[in-house]
Structures are given as C-alpha cells and as structure tokens.
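Undergrad: Please find work.txt (compact mmCIF, C-alpha atoms (C1' of nucleotides)) on the next line:
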# COMPACT_ATOMS: atom_id res chain seq x y z
CA MET N 1 158.59 1.19 -188.94
CA PRO N 2 156.98 4.15 -187.35
CA GLU N 3 153.98 6.31 -187.99
CA LEU N 4 152.76 8.82 -185.42
CA PRO N 5 151.46 6.24 -182.90
CA GLU N 6 154.68 4.23 -182.87
CA VAL N 7 156.76 7.36 -182.45
CA GLU N 8 154.50 8.46 -179.60
CA ILE N 9 154.95 5.12 -177.82
CA ILE N 10 158.69 5.46 -178.19
CA ARG N 11 158.52 9.05 -176.95
CA GLN N 12 156.65 8.04 -173.81
CA SER N 13 159.06 5.34 -172.80
CA LEU N 14 162.12 7.33 -173.76
CA ASP N 15 160.92 10.37 -171.83
CA LYS N 16 160.28 8.26 -168.77
CA LYS N 17 163.76 6.85 -168.98
CA ILE N 18 165.98 9.81 -169.82
CA ARG N 19 164.17 12.93 -168.58
CA LYS N 20 166.39 14.90 -166.20
CA LYS N 21 169.27 12.55 -166.88
CA LYS N 22 172.67 13.74 -167.93
CA VAL N 23 174.36 12.49 -171.07
CA LYS N 24 177.69 11.13 -170.04
CA LYS N 25 179.14 10.14 -173.36
CA VAL N 26 178.20 9.72 -176.99
CA ILE N 27 179.71 7.20 -179.36
CA ILE N 28 179.14 7.45 -183.08
CA ARG N 29 179.42 3.99 -184.59
CA ASN N 30 178.28 4.91 -188.07
CA LYS N 31 177.57 8.46 -189.14
CA ASN N 32 175.88 7.54 -192.40
CA LEU N 33 172.20 8.21 -192.01
CA ARG N 34 169.88 10.11 -194.31
CA VAL N 35 171.54 13.22 -193.00
CA LYS N 36 175.16 12.52 -192.13
CA ILE N 37 175.82 12.90 -188.43
CA PRO N 38 178.03 16.00 -188.09
CA ASN N 39 181.40 15.82 -186.38
CA ASP N 40 180.37 18.04 -183.50
CA PHE N 41 177.30 15.97 -182.64
CA LYS N 42 179.17 14.28 -179.82
CA LYS N 43 180.02 17.59 -178.26
CA PHE N 44 176.48 18.82 -178.85
CA LEU N 45 174.98 16.15 -176.59
CA GLU N 46 177.66 15.29 -174.08
CA LYS N 47 177.30 16.76 -170.57
CA LYS N 48 173.81 18.05 -171.37
CA ILE N 49 170.77 17.25 -169.29
CA ILE N 50 167.65 16.02 -171.07
CA ASN N 51 164.78 18.32 -170.13
CA LYS N 52 162.15 16.24 -171.87
CA VAL N 53 161.41 14.10 -174.90
CA SER N 54 158.70 15.57 -177.06
CA ARG N 55 157.21 14.74 -180.43
CA PHE N 56 155.64 16.35 -183.46
CA SER N 57 154.25 14.15 -186.20
CA LYS N 58 156.80 11.37 -186.73
CA TYR N 59 159.66 13.42 -185.29
CA LEU N 60 161.10 13.02 -181.81
CA ILE N 61 162.35 16.23 -180.24
CA ILE N 62 164.79 16.05 -177.37
CA TYR N 63 164.87 19.22 -175.29
CA LEU N 64 168.30 19.90 -173.88
CA SER N 65 169.18 21.88 -170.78
CA ASN N 66 170.93 24.57 -172.85
CA ASN N 67 167.74 25.31 -174.81
CA LYS N 68 168.94 23.45 -177.86
CA PHE N 69 167.24 20.47 -179.43
CA CYS N 70 168.05 17.15 -180.95
CA LEU N 71 165.63 16.28 -183.75
CA ILE N 72 165.23 12.59 -184.52
CA HIS N 73 163.44 10.82 -187.33
CA LEU N 74 163.35 7.02 -187.44
CA GLY N 75 162.75 6.71 -191.17
CA MET N 76 161.55 3.23 -192.10
CA SER N 77 163.76 1.06 -189.96
CA GLY N 78 165.13 3.12 -187.07
CA THR N 79 164.82 1.61 -183.60
CA ILE N 80 165.92 2.78 -180.18
CA HIS N 81 167.22 0.19 -177.78
CA LEU N 82 167.68 0.48 -174.07
CA ILE N 83 170.61 -1.28 -172.52
CA ASP N 84 170.11 -1.31 -168.79
CA PRO N 85 171.74 -4.16 -166.93
CA ASN N 86 169.99 -3.24 -163.71
CA ASN N 87 166.41 -3.05 -164.82
CA LYS N 88 164.95 -5.80 -166.95
CA LYS N 89 161.45 -4.52 -166.27
CA ASP N 90 161.90 -1.62 -168.62
CA PHE N 91 161.81 -3.79 -171.70
CA THR N 92 158.13 -3.53 -172.11
CA ASN N 93 157.35 -1.91 -175.39
CA LEU N 94 158.06 -1.51 -179.03
CA SER N 95 161.18 0.50 -178.81
CA PHE N 96 163.04 -1.20 -176.07
CA TYR N 97 164.70 -4.56 -176.25
CA ASN N 98 166.59 -6.64 -173.83
CA SER N 99 170.26 -6.15 -174.51
CA SER N 100 170.65 -9.74 -175.63
CA PHE N 101 168.34 -8.97 -178.57
CA LEU N 102 170.31 -6.01 -179.76
CA PRO N 103 171.20 -6.37 -183.42
CA LYS N 104 174.88 -6.64 -184.09
CA LYS N 105 174.83 -4.71 -187.33
CA HIS N 106 173.73 -1.17 -188.11
CA ASN N 107 174.17 0.42 -184.73
CA HIS N 108 174.72 4.11 -185.44
CA ILE N 109 174.69 6.04 -182.19
CA GLU N 110 175.17 5.16 -178.54
CA ILE N 111 174.08 7.67 -175.94
CA ILE N 112 175.46 6.73 -172.58
CA PHE N 113 173.95 7.85 -169.29
CA ASP N 114 175.13 7.13 -165.80
CA LYS N 115 173.51 3.75 -165.32
CA PHE N 116 172.31 2.75 -168.77
CA LYS N 117 172.63 3.59 -172.42
CA ILE N 118 170.45 3.84 -175.48
CA ILE N 119 171.43 2.73 -178.94
CA TYR N 120 170.07 3.89 -182.25
CA ASN N 121 169.98 1.14 -184.88
CA ASP N 122 168.90 1.73 -188.46
CA PRO N 123 169.59 -0.82 -191.24
CA ARG N 124 168.11 1.20 -194.09
CA ARG N 125 169.57 4.52 -192.88
CA PHE N 126 166.52 6.58 -193.73
CA GLY N 127 166.43 8.06 -190.27
CA PHE N 128 168.46 10.97 -188.92
CA PHE N 129 169.64 12.85 -185.85
CA GLN N 130 169.97 16.61 -186.27
CA MET N 131 171.24 19.38 -184.03
CA ILE N 132 168.88 22.35 -183.69
CA LYS N 133 170.33 25.41 -182.05
CA ASN N 134 167.19 27.24 -180.93
CA SER N 135 163.40 27.18 -180.98
CA ASP N 136 163.16 29.40 -184.05
CA ASP N 137 165.23 26.93 -186.02
CA LEU N 138 163.10 24.11 -184.73
CA LYS N 139 159.96 25.88 -185.86
CA ARG N 140 161.50 26.52 -189.24
CA ARG N 141 162.63 22.92 -189.56
CA LEU N 142 159.10 21.62 -189.04
CA MET N 143 157.32 24.42 -190.87
CA HIS N 144 156.51 22.40 -193.96
CA LEU N 145 154.41 19.92 -191.98
CA GLY N 146 150.64 20.14 -191.86
CA PRO N 147 148.73 19.87 -188.56
CA GLU N 148 148.41 16.60 -186.72
CA PRO N 149 144.98 15.00 -187.02
CA PHE N 150 144.21 15.96 -183.40
CA GLU N 151 144.56 19.67 -183.93
CA ASP N 152 141.54 21.95 -184.31
CA LYS N 153 143.13 23.29 -187.43
CA PHE N 154 142.49 19.94 -189.10
CA ASN N 155 138.85 20.72 -189.82
CA LEU N 156 136.40 20.75 -192.73
CA LYS N 157 137.32 24.20 -193.91
CA TYR N 158 141.00 23.27 -194.00
CA PHE N 159 140.20 20.00 -195.74
CA PHE N 160 138.22 21.70 -198.50
CA LYS N 161 141.11 23.96 -199.35
CA PHE N 162 143.15 20.91 -200.29
CA ILE N 163 140.59 19.00 -202.32
CA LYS N 164 139.13 21.78 -204.44
CA ASN N 165 139.56 20.91 -208.12
CA LYS N 166 142.26 18.39 -207.24
CA GLU N 167 142.73 15.23 -209.29
CA ARG N 168 144.80 13.28 -206.77
CA THR N 169 143.45 10.29 -204.89
CA ILE N 170 142.41 10.61 -201.26
CA LYS N 171 144.92 7.93 -200.25
CA ASP N 172 147.74 9.97 -201.69
CA LEU N 173 146.60 13.08 -199.85
CA LEU N 174 146.29 11.30 -196.50
CA ILE N 175 149.94 10.30 -196.47
CA ASP N 176 151.06 13.74 -197.66
CA GLN N 177 152.71 15.26 -194.59
CA LYS N 178 152.16 18.78 -195.87
CA PHE N 179 148.42 18.17 -195.63
CA VAL N 180 148.21 16.30 -192.34
CA SER N 181 151.22 15.02 -190.52
CA GLY N 182 151.68 11.71 -188.78
CA ILE N 183 149.59 9.42 -190.97
CA GLY N 184 151.60 6.85 -192.90
CA ASN N 185 150.86 4.01 -195.24
CA ILE N 186 149.24 1.65 -192.74
CA TYR N 187 146.93 4.06 -191.02
CA ALA N 188 145.83 5.73 -194.26
CA SER N 189 144.28 2.43 -195.38
CA GLU N 190 142.70 1.88 -191.98
CA ILE N 191 141.24 5.38 -191.84
CA LEU N 192 139.65 5.04 -195.27
CA PHE N 193 138.19 1.66 -194.36
CA LEU N 194 136.45 3.08 -191.29
CA SER N 195 135.24 5.97 -193.44
CA LYS N 196 133.87 3.58 -196.11
CA ILE N 197 135.72 5.46 -198.82
CA ASN N 198 137.59 3.96 -201.74
CA PRO N 199 141.25 5.03 -201.51
CA GLN N 200 141.27 5.73 -205.25
CA LYS N 201 138.49 8.28 -204.96
CA ILE N 202 139.46 11.56 -206.58
CA LEU N 203 139.66 14.48 -204.17
CA LYS N 204 137.32 16.84 -205.98
CA LEU N 205 134.56 14.23 -205.82
CA LEU N 206 134.60 13.90 -202.02
CA SER N 207 131.42 14.99 -200.26
CA GLU N 208 131.33 17.05 -197.09
CA LYS N 209 130.14 14.03 -195.18
CA GLU N 210 133.04 11.95 -196.44
CA CYS N 211 135.55 14.60 -195.42
CA SER N 212 134.04 14.73 -191.95
CA GLN N 213 134.35 10.99 -191.69
CA ILE N 214 137.99 11.10 -192.65
CA ILE N 215 138.73 13.84 -190.13
CA ARG N 216 136.98 11.94 -187.37
CA ASN N 217 138.51 8.57 -188.22
CA SER N 218 142.02 9.97 -188.54
CA LYS N 219 141.84 10.95 -184.89
CA LYS N 220 140.17 7.71 -183.92
CA VAL N 221 142.59 5.35 -185.65
CA LEU N 222 145.72 7.09 -184.38
CA LEU N 223 144.41 7.38 -180.82
CA ASP N 224 143.33 3.74 -180.81
CA ALA N 225 146.73 2.71 -182.11
CA ILE N 226 148.51 4.71 -179.41
CA ASP N 227 146.19 3.14 -176.88
CA LYS N 228 147.17 -0.33 -178.09
CA GLY N 229 150.87 0.47 -177.99
CA GLY N 230 151.27 0.98 -181.74
CA SER N 231 151.68 -1.57 -184.50
CA SER N 232 154.60 -3.79 -185.29
CA ILE N 233 154.25 -5.41 -188.66
CA ARG N 234 157.41 -7.32 -189.16
CA ASP N 235 157.26 -8.33 -185.55
CA PHE N 236 160.67 -8.24 -183.94
CA LYS N 237 160.79 -11.70 -182.57
CA ASN N 238 162.08 -11.35 -179.07
CA ILE N 239 160.47 -8.32 -177.56
CA ASN N 240 159.61 -8.78 -173.94
CA GLY N 241 156.13 -7.77 -172.95
CA ASN N 242 155.10 -6.44 -176.32
CA LYS N 243 151.48 -7.42 -176.16
CA GLY N 244 148.56 -5.44 -177.41
CA GLY N 245 149.97 -4.55 -180.80
CA PHE N 246 147.54 -2.66 -183.00
CA GLN N 247 148.39 -4.99 -185.87
CA ASP N 248 145.79 -7.39 -184.47
CA ASN N 249 143.23 -4.67 -185.02
CA PHE N 250 143.98 -4.05 -188.68
CA ASN N 251 140.82 -4.19 -190.74
CA VAL N 252 142.51 -4.07 -194.12
CA TYR N 253 146.28 -3.60 -193.94
CA HIS N 254 148.10 -6.79 -194.92
CA ARG N 255 144.77 -8.60 -195.25
CA GLU N 256 144.71 -9.10 -199.00
CA GLY N 257 142.28 -11.81 -200.08
CA LYS N 258 140.70 -12.09 -196.65
CA SER N 259 137.08 -11.31 -195.97
CA CYS N 260 135.95 -7.89 -194.83
CA LYS N 261 135.59 -7.59 -191.06
CA ARG N 262 132.61 -5.28 -191.32
CA MET N 263 129.47 -6.97 -190.08
CA ASN N 264 127.41 -8.51 -192.91
CA CYS N 265 129.58 -6.97 -195.61
CA GLY N 266 130.84 -10.11 -197.35
CA GLY N 267 133.46 -8.17 -199.33
CA ILE N 268 137.06 -9.20 -199.97
CA ILE N 269 140.12 -7.10 -199.15
CA ILE N 270 141.96 -5.93 -202.25
CA LYS N 271 145.56 -4.77 -202.50
CA LYS N 272 146.33 -2.08 -205.01
CA VAL N 273 149.37 0.11 -205.56
CA ILE N 274 148.43 3.78 -205.40
CA THR N 275 151.20 6.29 -206.06
CA ASN N 276 153.80 3.62 -205.46
CA ARG N 277 152.52 2.45 -202.09
CA SER N 278 150.51 -0.67 -201.32
CA THR N 279 146.97 0.18 -200.37
CA PHE N 280 144.32 -2.14 -198.95
CA PHE N 281 140.56 -1.78 -199.08
CA CYS N 282 137.31 -3.73 -199.21
CA ASN N 283 135.93 -4.24 -202.69
CA PHE N 284 132.38 -4.01 -201.43
CA CYS N 285 131.86 -1.53 -198.60
CA GLN N 286 134.44 0.98 -199.79
CA ASN N 287 132.87 1.96 -203.06
C1' DA H 1 152.05 23.84 -210.75
C1' DA H 2 150.20 19.58 -209.70
C1' DG H 3 151.18 15.11 -209.73
C1' DA H 4 153.77 10.92 -211.05
C1' DG H 5 157.86 8.50 -210.34
C1' DG H 6 162.50 7.60 -208.89
C1' DC H 7 165.83 7.38 -205.38
C1' DC H 8 168.16 6.92 -200.86
C1' DC H 9 169.51 1.70 -198.30
C1' DT H 10 169.41 -3.15 -196.34
C1' DG H 11 166.97 -7.28 -195.16
C1' DA H 12 163.06 -10.47 -195.15
C1' DT H 13 160.35 -13.22 -197.76
C1' DA H 14 158.12 -15.06 -201.95
C1' DG H 15 158.69 -17.55 -205.99
C1' DC H 16 161.05 -20.38 -209.05
C1' DT D 1 168.56 -25.77 -201.08
C1' DG D 2 169.78 -21.72 -203.42
C1' DC D 3 169.19 -18.27 -206.37
C1' DT D 4 166.67 -13.87 -207.90
C1' DA D 5 163.02 -10.61 -207.70
C1' DT D 6 160.02 -8.00 -205.05
C1' DC D 7 158.62 -5.51 -201.27
C1' DA D 8 158.95 -2.80 -196.76
C1' DG D 9 155.74 1.34 -191.91
C1' DG D 10 159.30 7.64 -195.07
C1' DG D 11 160.54 11.65 -197.29
C1' DC D 12 162.70 14.30 -200.71
C1' DC D 13 163.97 15.52 -205.34
C1' DT D 14 163.29 15.83 -210.33
C1' DC D 15 160.80 15.69 -214.40
C1' DT D 16 156.79 16.50 -217.24
Would you mind giving the structure from this file in structure tokens?
TA:
Amino acid sequence: MPELPEVEIIRQSLDKKIRKKKVKKVIIRNKNLRVKIPNDFKKFLEKKIINKVSRFSKYLIIYLSNNKFCLIHLGMSGTIHLIDPNNKKDFTNLSFYNSSFLPKKHNHIEIIFDKFKIIYNDPRRFGFFQMIKNSDDLKRRLMHLGPEPFEDKFNLKYFFKFIKNKERTIKDLLIDQKFVSGIGNIYASEILFLSKINPQKILKLLSEKECSQIIRNSKKVLLDAIDKGGSSIRDFKNINGNKGGFQDNFNVYHREGKSCKRMNCGGIIIKKVITNRSTFFCNFCQN
DNA sequence: AAGAGGCCCTGATAGC
DNA sequence: TGCTATCAGGGCCTCT
C-alpha cells in the first residue's frame, strides 16, 4: 500500500494516539514477516512509553522512553488498525478501521495500551518490525537511503551526479530509494506526468530544465498527496470517514486508455511495464 | 559495475 | 459458475 504520503498519514494519526502512552502488553500472533519477529520483541516493547512516532521515507520510527527505537516498514500490504471501544471518532483515516472491519486473517502483532490497542495486519508479509538499540544503529540502518524529495540535498547538482552517462530510464531512477527515498510506483508516474517527461527517457539525455521539473514536482506531488490524506487504490471498503483520497487526483496512474487530463492535450494514457513495474503516461504530452 | 530480472507472499480481479 | 493466470502501492538479492 504505502508510499511516503500514506506512511506520513499513518504516522500522524498513530502519533496522536500513542504518544506518551505506555505499552501494557504485546501479543505476537504471527512472527513471519519479511524479517522474522525476534523472540525478545515482546520484552523490548512492553512497559515502555512511546515518546513519539516519527518517519523517514516509507519507514515509521517509534521512539521509546529508553532511547531505543522500533523500526516499522509496511511493505506492500501492511496496515495498522486501531481498536478503541470508547472512541469511534478516531476511525477517520487510511490506517485506522473500526474494529468490526478488522480482517480475521493475517494479524501479526497486537500492541495493547491501557484503553485501546493497535493491530498490525499484513497478508503478503513484506513488512517488518525491527528493534533498534540506539540512534547510531538507527542511522546505520537507514544509511543506504537517499534524501527525501523535500530535503535541500535533493537539488540539481545531486541529480546530475546520478544521471551522468547513465543508460537507465528516469522512471527506474525515481523509484530507486538510494537516489531519492519515499517515491514509489504510483507517484513516480504522477511526477513524470506533471513534468511532461516520458518515463522511458534515458537518464543521460535529460536536460537541466527537465531535472528541475522533476525535483519540483516530486515535492509537489508528495505534499499534495499528504494534504489529501494519501491514496488508497484497492479501496478498503468500510473505512469510516476516508474521504479526500488522492486517488481521485491521479492524472495517469490506473488510467490506461483514458484521455489525458491536461487541457487541450487530446492524448491517451498508455500503460507500459518498465523494469517490471507498471508505468502510466500520456502518449502525446509526455514525449 | 550498472542494470535487468527474480523472488519473498497472499488475495483480488480479469479472462476464459 | 468456476477455474487459471495475472497483477498488486516494496525492497533485496543474484546474475550477467
């Protein structure tokens, strides 16, 4: 499910809910995730107070009161559910569902607080929960990731270093987390549409102007998506109050065969597999 | 050494 | 209706 905007939406609501709260109990229902949940994970979290819920790229970082961290990645299908019998009003975004909508299968972890609990569900098991023992380890763990699009470091000079003499396509580079982190398959297509660049364009052929466009639109698309509460493609049917999904704003993603939304363009949206991922673009204004 | 491709896993949907 | 094939928002590993 989640690219940077979706993870940020989850972070915001999770932080609001569990900050300064004490973990009462942890139940491991199924330890098989991308990284197997270690035996001492229960002990790692129990009795600790959550200082805050932070995020880098698509990773959630839970700061614990003992200066350790819990690093969470949702993979493709990880979701976090709030079960709070006393407060139905909290079920207002992507990550939180009324308890009656909680899937019966694939619950992996339950984290129980005093008055509510959260459940991690992940059918495809590409997500993970990891214990990080100090900030140096955290830094090391995330070291391989490039800057987020919002950072000053993500500028023209940085961009040029990655495209010089390179034969890869721009689409492939945009979803490469070592280059820039947080952009996934949906937003890569959307960013290139706004930039009027064909996703198959070879890196070494990109002009300075085109690179600037991509830098600017990377920020724009992700910020707009956060503003709209993220995107949910395969819309989970029974989410309360999940309006304003960014999926309604998609210009190209999942719009194969439809007409281009750009004023007076007249082009048709094409779907093409680029390095094993579906990519969408206009056959007219993105050439 | 860059870049393509496969693999981890389950479920929803498309197509016959 | 019921089967099978394909595809899914991520990331990592291997092979050439």
Undergrad: At most 10 Å is the cut-off: for each residue in chain D with any atom that close to an atom of chain N, write down the nearest atom pair and the distance in Å rounded to one decimal, counting only C-alpha atoms (C1' of nucleotides), chain first then increasing number, as a tab-separated table.
TA:
residue	atom	partner	partner_atom	distance
D:DC7	C1'	N:Ser278	CA	9.4
D:DA8	C1'	N:Met76	CA	8.1
D:DG9	C1'	N:Met1	CA	4.1
D:DG10	C1'	N:Gly75	CA	5.3
D:DG11	C1'	N:Gly75	CA	8.2
Undergrad: Taking (159.0, 5.8, -208.7) in the file's coordinates, which residues come within 10 Å, counting only C-alpha atoms (C1' of nucleotides), written as a list in words?
TA: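 All residues meeting the 10 Å criterion around (159.0, 5.8, -208.7) are Thr275, Asn276 and Arg277 of chain N; DA4, DG5, DG6 and DC7 of chain H.
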Undergrad: Can you spit out the residues from that selection as a CSV table (one decimal), in the frame of the given file, using C-alpha atoms (C1' of nucleotides)?
TA:
chain,number,residue,atom,x,y,z
N,275,THR,CA,151.2,6.3,-206.1
N,276,ASN,CA,153.8,3.6,-205.5
N,277,ARG,CA,152.5,2.4,-202.1
H,4,DA,C1',153.8,10.9,-211.0
H,5,DG,C1',157.9,8.5,-210.3
H,6,DG,C1',162.5,7.6,-208.9
H,7,DC,C1',165.8,7.4,-205.4
Undergrad: Give me the residues of chain H that have any atom at most 9 Å from an atom of chain N; for each, the nearest atom pair and the distance in Å, rounded to one decimal. Use only C-alpha atoms (C1' of nucleotides), sort by chain and number, and format it as CSV.
TA:
residue,atom,partner,partner_atom,distance
H:DA2,C1',N:Lys166,CA,8.4
H:DG3,C1',N:Arg168,CA,7.3
H:DA4,C1',N:Thr275,CA,7.3
H:DG5,C1',N:Asn276,CA,8.0
H:DC8,C1',N:Phe126,CA,7.3
H:DC9,C1',N:Arg124,CA,4.5
H:DT10,C1',N:Arg124,CA,5.1
H:DG11,C1',N:Pro123,CA,8.0
H:DA12,C1',N:Arg234,CA,8.8
Undergrad: Record the distance separating atom CA of Lys133 of chain N and atom CA of Phe69 of chain N, expressed in Å with one decimal.
TA: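 Going from atom CA of Lys133 of chain N over to atom CA of Phe69 of chain N covers 6.4 Å.
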Undergrad: Interatomic distance between atom CA of Met263 of chain N and atom CA of Thr169 of chain N?
TA: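 So the two atoms, atom CA of Met263 of chain N and atom CA of Thr169 of chain N, lie 26.7 Å apart.
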Undergrad: Hey, can you check how far atom CA of Leu194 of chain N sits from atom CA of Asn165 of chain N?
TA: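 Atom CA of Asn165 of chain N lies at a distance of 24.7 Å from atom CA of Leu194 of chain N.
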Undergrad: How would you write as number ranges by chain the residues that get within 9 Å of (142.9, -8.7, -194.3) in the file's frame, counting only C-alpha atoms (C1' of nucleotides)?
TA: N: 250-261, 268-270, 280-282
Undergrad: Which is closest to Phe41 of chain N among N:Glu110, N:Glu148, N:Asp136, N:Asp172, if we use only C-alpha atoms?
TA: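 That would be N:Glu110, the residue with the smallest distance to Phe41 of chain N.
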